[in-house]
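Text of my_file37.pdb, listed as PDB, C-alpha atoms:
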ATOM      1  CA  MET A 300      89.848  79.335  80.458
ATOM      2  CA  PRO A 301      93.330  80.875  80.459
ATOM      3  CA  LYS A 302      95.961  79.043  78.466
ATOM      4  CA  GLU A 303      98.059  76.675  80.593
ATOM      5  CA  ARG A 304     101.699  77.718  80.777
ATOM      6  CA  ARG A 305     104.913  77.209  82.651
ATOM      7  CA  TYR A 306     105.093  78.972  86.005
ATOM      8  CA  THR A 307     107.782  81.438  84.934
ATOM      9  CA  LYS A 308     106.038  82.367  81.673
ATOM     10  CA  TYR A 309     103.180  84.429  83.122
ATOM     11  CA  ARG A 310     103.343  88.021  81.883
ATOM     12  CA  GLN A 311     101.668  91.174  83.093
ATOM     13  CA  ASP A 312     100.196  92.054  79.695
ATOM     14  CA  ASP A 313      98.530  88.613  79.500
ATOM     15  CA  VAL A 314      96.896  89.277  82.871
ATOM     16  CA  TRP A 315      95.517  92.627  81.622
ATOM     17  CA  LEU A 316      94.100  90.962  78.521
ATOM     18  CA  GLN A 317      92.502  88.058  80.399
ATOM     19  CA  LEU A 318      91.031  90.348  83.057
ATOM     20  CA  CYS A 319      89.197  92.383  80.402
ATOM     21  CA  ASN A 320      88.163  89.364  78.320
ATOM     22  CA  LEU A 321      87.036  87.153  81.211
ATOM     23  CA  ALA A 322      85.508  89.784  83.512
ATOM     24  CA  SER A 323      82.052  88.163  83.601
ATOM     25  CA  ALA A 324      83.461  84.652  84.210
ATOM     26  CA  LEU A 325      85.699  86.054  86.971
ATOM     27  CA  LYS A 326      82.683  87.827  88.534
ATOM     28  CA  VAL A 327      84.330  91.250  88.425
ATOM     29  CA  GLN A 328      83.417  94.511  86.779
ATOM     30  CA  VAL A 329      86.296  96.698  85.667
ATOM     31  CA  LEU A 330      85.589 100.389  86.245
ATOM     32  CA  ARG A 331      86.103 102.911  83.466
ATOM     33  CA  LYS A 332      88.548 105.826  83.792
ATOM     34  CA  THR A 333      90.399 104.244  86.723
ATOM     35  CA  LEU A 334      93.473 102.875  84.952
ATOM     36  CA  HIS A 335      96.785 104.278  86.212
ATOM     37  CA  GLY A 336     100.050 102.505  85.433
ATOM     38  CA  CYS A 337      99.628  98.962  86.732
ATOM     39  CA  SER A 338      96.547  99.641  88.853
ATOM     40  CA  ILE A 339      92.840  99.675  88.130
ATOM     41  CA  SER A 340      89.598  99.791  90.109
ATOM     42  CA  LEU A 341      87.113  96.957  89.937
ATOM     43  CA  VAL A 342      84.018  95.683  91.680
ATOM     44  CA  ARG A 343      83.956  92.130  92.965
ATOM     45  CA  LEU A 344      80.430  91.073  92.022
ATOM     46  CA  ASP A 345      80.079  88.177  94.498
ATOM     47  CA  THR A 346      80.650  90.518  97.478
ATOM     48  CA  ASN A 347      79.756  93.828  95.739
ATOM     49  CA  LYS A 348      82.987  95.282  97.110
ATOM     50  CA  ARG A 349      84.958  97.971  95.283
ATOM     51  CA  LEU A 350      88.704  97.273  95.148
ATOM     52  CA  ARG A 351      91.792  99.070  93.866
ATOM     53  CA  ALA A 352      93.834  96.297  92.247
ATOM     54  CA  VAL A 353      97.391  96.026  91.032
ATOM     55  CA  ILE A 354      98.011  93.828  87.989
ATOM     56  CA  LEU A 355     100.971  91.457  88.423
ATOM     57  CA  ALA A 356     102.252  88.375  86.607
ATOM     58  CA  ARG A 357     102.635  86.453  89.898
ATOM     59  CA  SER A 358     101.458  87.327  93.402
ATOM     60  CA  SER A 359     105.056  86.990  94.649
ATOM     61  CA  ASP A 360     105.773  90.177  92.667
ATOM     62  CA  TRP A 361     103.853  91.964  95.457
ATOM     63  CA  TRP A 362     106.960  91.559  97.625
ATOM     64  CA  LYS A 363     109.397  92.040  94.728
ATOM     65  CA  PHE A 364     107.941  95.508  94.020
ATOM     66  CA  SER A 365     107.748  96.402  97.755
ATOM     67  CA  LEU A 366     103.949  96.722  97.782
ATOM     68  CA  GLY A 367     103.873  95.190 101.255
ATOM     69  CA  VAL A 368     106.184  97.813 102.767
ATOM     70  CA  SER A 369     104.171  99.815 105.301
ATOM     71  CA  GLU A 370     105.697 103.240 104.602
ATOM     72  CA  TRP A 371     104.456 103.218 100.988
ATOM     73  CA  ASP A 372     100.842 104.432 101.039
ATOM     74  CA  HIS A 373      99.819 103.234  97.570
ATOM     75  CA  GLY A 374      96.089 102.681  98.163
ATOM     76  CA  ILE A 375      96.087  99.170  96.631
ATOM     77  CA  THR A 376      93.531  96.847  98.241
ATOM     78  CA  ALA A 377      93.726  93.767  95.950
ATOM     79  CA  CYS A 378      95.919  91.944  93.459
ATOM     80  CA  VAL A 379      95.024  90.416  90.091
ATOM     81  CA  CYS A 380      97.701  87.986  88.927
ATOM     82  CA  GLY A 381      98.375  85.151  86.523
ATOM     83  CA  THR A 382      99.178  82.717  89.323
ATOM     84  CA  HIS A 383      98.984  82.935  93.135
ATOM     85  CA  ASP A 384     102.405  81.699  94.240
ATOM     86  CA  SER A 385     102.796  83.539  97.534
ATOM     87  CA  CYS A 386     100.920  84.877 100.524
ATOM     88  CA  ILE A 387     100.102  88.584 100.615
ATOM     89  CA  ASN A 388      98.114  90.851 102.917
ATOM     90  CA  ALA A 389      95.422  91.627 100.300
ATOM     91  CA  PRO A 390      92.808  89.564  98.417
ATOM     92  CA  VAL A 391      94.169  87.902  95.256
ATOM     93  CA  LEU A 392      92.369  87.016  92.031
ATOM     94  CA  ALA A 393      94.411  84.222  90.415
ATOM     95  CA  LEU A 394      93.565  83.888  86.739
ATOM     96  CA  ASP A 395      95.063  80.399  86.325
ATOM     97  CA  ALA A 396      92.596  79.064  88.915
ATOM     98  CA  MET A 397      89.927  81.716  88.159
ATOM     99  CA  LYS A 398      89.460  82.041  91.906
ATOM    100  CA  TRP A 399      89.680  84.662  94.651
ATOM    101  CA  TYR A 400      92.000  84.011  97.602
ATOM    102  CA  GLU A 401      91.456  86.018 100.753
ATOM    103  CA  ALA A 402      94.218  88.061 102.372
ATOM    104  CA  LYS A 403      96.982  85.904 103.918
ATOM    105  CA  GLU A 404      95.615  82.765 102.235
ATOM    106  CA  ILE A 405      97.935  80.431 100.350
ATOM    107  CA  ARG A 406      97.156  77.640  97.932
ATOM    108  CA  ALA A 407      96.928  74.274  99.616
ATOM    109  CA  ILE A 408      98.598  72.414  96.746
ATOM    110  CA  PHE A 409     101.677  71.432  98.768
ATOM    111  CA  GLY A 410      99.988  70.378 101.986
ATOM    112  CA  GLN A 411     100.017  72.167 105.302
ATOM    113  CA  LEU A 412     102.570  74.813 106.191
ATOM    114  CA  GLN A 413     102.764  73.791 109.865
ATOM    115  CA  PRO A 414     105.620  71.275 110.322
ATOM    116  CA  VAL A 415     105.076  67.952 112.097
ATOM    117  CA  TYR A 416     107.645  66.780 114.657
ATOM    118  CA  ASP A 417     108.625  63.264 115.748
ATOM    119  CA  ALA A 418     109.221  62.045 119.310
ATOM    120  CA  ASN A 419     112.790  63.445 119.265
ATOM    121  CA  ASP A 420     111.471  66.924 118.352
ATOM    122  CA  LYS A 421     112.861  66.737 114.809
ATOM    123  CA  ALA A 422     110.788  67.893 111.851
ATOM    124  CA  ILE A 423     109.390  65.049 109.762
ATOM    125  CA  PRO A 424     109.913  65.667 106.026
ATOM    126  CA  ASP A 425     106.560  66.237 104.342
ATOM    127  CA  SER A 426     105.219  67.442 101.003
ATOM    128  CA  PHE A 427     105.698  71.130 101.842
ATOM    129  CA  ASP A 428     109.296  70.507 102.895
ATOM    130  CA  THR A 429     109.946  69.086  99.418
ATOM    131  CA  ALA A 430     107.998  71.893  97.723
ATOM    132  CA  ARG A 431     109.758  74.718  99.575
ATOM    133  CA  LYS A 432     112.951  73.746  97.709
ATOM    134  CA  SER A 433     111.273  74.771  94.433
ATOM    135  CA  HIS A 434     110.902  78.390  93.324
ATOM    136  CA  TYR A 435     107.108  78.210  93.754
ATOM    137  CA  GLY A 436     107.242  76.680  97.239
ATOM    138  CA  HIS A 437     109.965  79.079  98.359
ATOM    139  CA  ASN A 438     107.807  82.057  97.333
ATOM    140  CA  MET A 439     104.900  80.620  99.327
ATOM    141  CA  LEU A 440     107.036  80.259 102.445
ATOM    142  CA  VAL A 441     108.601  83.727 102.113
ATOM    143  CA  GLY A 442     105.188  85.336 101.543
ATOM    144  CA  ALA A 443     103.725  83.589 104.595
ATOM    145  CA  LEU A 444     106.699  84.774 106.664
ATOM    146  CA  MET A 445     106.269  88.341 105.394
ATOM    147  CA  CYS A 446     102.601  88.196 106.461
ATOM    148  CA  GLY A 447     103.632  86.930 109.901
ATOM    149  CA  LEU A 448     101.782  83.593 109.823
ATOM    150  CA  PRO A 449     102.742  81.577 112.942
ATOM    151  CA  GLU A 450     102.847  78.269 111.022
ATOM    152  CA  ALA A 451     105.374  79.816 108.611
ATOM    153  CA  THR A 452     107.552  80.887 111.538
ATOM    154  CA  ALA A 453     107.353  77.341 112.921
ATOM    155  CA  ARG A 454     108.375  75.992 109.483
ATOM    156  CA  LEU A 455     111.318  78.419 109.365
ATOM    157  CA  GLN A 456     112.503  77.291 112.806
ATOM    158  CA  SER A 457     112.431  73.658 111.662
ATOM    159  CA  LEU A 458     114.889  74.325 108.805
ATOM    160  CA  PRO A 459     118.661  73.829 108.977
ATOM    161  CA  ASP A 460     120.554  76.872 110.296
ATOM    162  CA  ARG A 461     122.188  77.784 106.995
ATOM    163  CA  THR A 462     118.848  77.721 105.142
ATOM    164  CA  ARG A 463     117.129  79.649 107.918
ATOM    165  CA  PHE A 464     119.804  82.384 107.920
ATOM    166  CA  ARG A 465     119.556  82.746 104.134
ATOM    167  CA  ILE A 466     115.757  83.121 104.290
ATOM    168  CA  GLU A 467     115.993  85.587 107.200
ATOM    169  CA  THR A 468     118.410  87.706 105.136
ATOM    170  CA  GLU A 469     115.946  87.664 102.242
ATOM    171  CA  LEU A 470     113.137  88.752 104.601
ATOM    172  CA  ARG A 471     115.185  91.691 105.893
ATOM    173  CA  THR A 472     115.736  92.805 102.296
ATOM    174  CA  LEU A 473     112.029  92.492 101.449
ATOM    175  CA  HIS A 474     111.017  94.546 104.517
ATOM    176  CA  THR A 475     112.780  97.588 103.065
ATOM    177  CA  ARG A 476     111.723  99.538 100.008
ATOM    178  CA  ARG A 477     113.573  98.315  96.930
ATOM    179  CA  GLN A 478     115.859 100.703  95.093
ATOM    180  CA  GLY A 479     114.976 102.062  91.697
ATOM    181  CA  ARG A 480     111.840 103.303  90.099
ATOM    182  CA  PRO A 481     108.694 102.109  91.908
ATOM    183  CA  LEU A 482     105.897 100.233  90.222
ATOM    184  CA  GLU A 483     103.438 102.805  88.871
ATOM    185  CA  VAL A 484     100.282 102.483  90.974
ATOM    186  CA  ALA A 485      97.907 105.063  92.432
ATOM    187  CA  PRO A 486      94.841 105.296  94.667
ATOM    188  CA  ASP A 487      91.391 105.289  93.073
ATOM    189  CA  PRO A 488      91.102 108.468  90.943
ATOM    190  CA  LEU A 489      87.302 108.480  91.287
ATOM    191  CA  GLY A 490      87.581 108.401  95.067
ATOM    192  CA  GLY A 491      84.831 105.811  95.499
ATOM    193  CA  LYS A 492      82.351 107.325  93.029
ATOM    194  CA  ALA A 493      80.916 104.597  90.800
ATOM    195  CA  GLU A 494      81.486 104.663  87.055
ATOM    196  CA  LEU A 495      80.442 101.145  86.145
ATOM    197  CA  SER A 496      81.622 100.230  82.670
ATOM    198  CA  ILE A 497      84.165  97.922  81.190
ATOM    199  CA  VAL A 498      87.493  99.592  80.460
ATOM    200  CA  VAL A 499      88.916  99.392  76.951
TER
END

For this file, produce the structure as structure tokens.
Amino acid sequence: MPKERRYTKYRQDDVWLQLCNLASALKVQVLRKTLHGCSISLVRLDTNKRLRAVILARSSDWWKFSLGVSEWDHGITACVCGTHDSCINAPVLALDAMKWYEAKEIRAIFGQLQPVYDANDKAIPDSFDTARKSHYGHNMLVGALMCGLPEATARLQSLPDRTRFRIETELRTLHTRRQGRPLEVAPDPLGGKAELSIVV
């Protein structure tokens, strides 16, 4: 089992190490000669599907590094991360839970994303409303909005105007490619040809 740690302490190099050490427990096979920057090819053994994965500390880094921007054709089809704290449009292997999450799936640890309204059409505070004020919950909401989930849009509309405007500004920023050097990722160098061995 991975060592328990604070949410902000997950590091990319720890994810690399755990992926290689726990490959059989995670039901993945890392493919040899496919490493490029922060990306690697692997086979998900439960579905026998070949994936090109990016290695990130947290799944919310998917949006931070502009991997969800449509004009960047990076060839990444999955994400391996220390913790799944967002919602992205690719399958996610979260090492803290040792579990795969499908594309556009979020953890259900804070309750449902869809807000509940009272008779006066005002949102009733619930567990997700409390959680969205934390860094973790905020990343979940922003990721769900970036993926276009209707329940996330309903949650956004239930927020106070000032909060909603701030989140909408953040979404506009995330929809554009970030400035600076991009994360080093590349499509599968083997082009789908199998070379099934553990990488070292």

Give me the residues near segment 414-418 of chain A as a PDB file with C-alpha atoms, in the coordinates of the input, where near means some atom within 8 Å (using all atoms listed in the file) and where sequence neighbours in that chain fewer than 5 positions away do not count.
ATOM      1  CA  ILE A 423     109.390  65.049 109.762  1.00  0.00           C
ATOM      2  CA  ASP A 425     106.560  66.237 104.342  1.00  0.00           C
ATOM      3  CA  GLU A 450     102.847  78.269 111.022  1.00  0.00           C
ATOM      4  CA  ALA A 453     107.353  77.341 112.921  1.00  0.00           C
ATOM      5  CA  ARG A 454     108.375  75.992 109.483  1.00  0.00           C
ATOM      6  CA  SER A 457     112.431  73.658 111.662  1.00  0.00           C
TER       7      SER A 457
END

Give me the residues near Arg351 of chain A as a PDB file with C-alpha atoms, in the frame of the given file, where near means some atom within 9 Å (using only C-alpha atoms) and where sequence neighbours in that chain fewer than 5 positions away do not count.
ATOM      1  CA  THR A 333      90.399 104.244  86.723  1.00  0.00           C
ATOM      2  CA  SER A 338      96.547  99.641  88.853  1.00  0.00           C
ATOM      3  CA  ILE A 339      92.840  99.675  88.130  1.00  0.00           C
ATOM      4  CA  SER A 340      89.598  99.791  90.109  1.00  0.00           C
ATOM      5  CA  LEU A 341      87.113  96.957  89.937  1.00  0.00           C
ATOM      6  CA  VAL A 342      84.018  95.683  91.680  1.00  0.00           C
ATOM      7  CA  GLY A 374      96.089 102.681  98.163  1.00  0.00           C
ATOM      8  CA  ILE A 375      96.087  99.170  96.631  1.00  0.00           C
ATOM      9  CA  THR A 376      93.531  96.847  98.241  1.00  0.00           C
ATOM     10  CA  ALA A 377      93.726  93.767  95.950  1.00  0.00           C
ATOM     11  CA  CYS A 378      95.919  91.944  93.459  1.00  0.00           C
ATOM     12  CA  ALA A 485      97.907 105.063  92.432  1.00  0.00           C
ATOM     13  CA  PRO A 486      94.841 105.296  94.667  1.00  0.00           C
ATOM     14  CA  ASP A 487      91.391 105.289  93.073  1.00  0.00           C
TER      15      ASP A 487
END

Which residues match the PyMOL selection byres ((chain A and resi 401) around 8) in the file above, as a ChimeraX atom specification? /A:389-391,399-400,402-404

Would you mind telling me which residue in A:Gln413, A:His373, A:Glu483, A:Arg461 lies nearest to Pro449 of chain A when using only C-alpha atoms? A:Gln413

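Note that the spacing between atom CA of Val327 of chain A and atom CA of Leu344 of chain A amounts to 5.3 Å.
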
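Those residues returned by the PyMOL selection byres ((chain A and resi 318) around 10) for this file are Asp312, Asp313, Val314, Trp315, Leu316, Gln317, Cys319, Asn320, Leu321, Ala322, Ser323, Ala324, Leu325, Val327, Gln328, Val329, Ile354, Val379, Cys380, Gly381, Leu392 and Leu394 of chain A.
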
Could those residues be written to a file, using C-alpha atoms, as an mmCIF file, in the coordinates of the input?
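The resulting file, selection-v7.cif, is reproduced below:
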data_model
loop_
_atom_site.group_PDB
_atom_site.id
_atom_site.type_symbol
_atom_site.label_atom_id
_atom_site.label_comp_id
_atom_site.auth_asym_id
_atom_site.auth_seq_id
_atom_site.Cartn_x
_atom_site.Cartn_y
_atom_site.Cartn_z
ATOM 1 C CA ASP A 312 100.196 92.054 79.695
ATOM 2 C CA ASP A 313 98.530 88.613 79.500
ATOM 3 C CA VAL A 314 96.896 89.277 82.871
ATOM 4 C CA TRP A 315 95.517 92.627 81.622
ATOM 5 C CA LEU A 316 94.100 90.962 78.521
ATOM 6 C CA GLN A 317 92.502 88.058 80.399
ATOM 7 C CA CYS A 319 89.197 92.383 80.402
ATOM 8 C CA ASN A 320 88.163 89.364 78.320
ATOM 9 C CA LEU A 321 87.036 87.153 81.211
ATOM 10 C CA ALA A 322 85.508 89.784 83.512
ATOM 11 C CA SER A 323 82.052 88.163 83.601
ATOM 12 C CA ALA A 324 83.461 84.652 84.210
ATOM 13 C CA LEU A 325 85.699 86.054 86.971
ATOM 14 C CA VAL A 327 84.330 91.250 88.425
ATOM 15 C CA GLN A 328 83.417 94.511 86.779
ATOM 16 C CA VAL A 329 86.296 96.698 85.667
ATOM 17 C CA ILE A 354 98.011 93.828 87.989
ATOM 18 C CA VAL A 379 95.024 90.416 90.091
ATOM 19 C CA CYS A 380 97.701 87.986 88.927
ATOM 20 C CA GLY A 381 98.375 85.151 86.523
ATOM 21 C CA LEU A 392 92.369 87.016 92.031
ATOM 22 C CA LEU A 394 93.565 83.888 86.739
#

With distances taken over all atoms listed in the file, which of A:Ala422, A:Leu482, A:Leu473, A:Val368 is nearest to Gln456 of chain A? A:Ala422
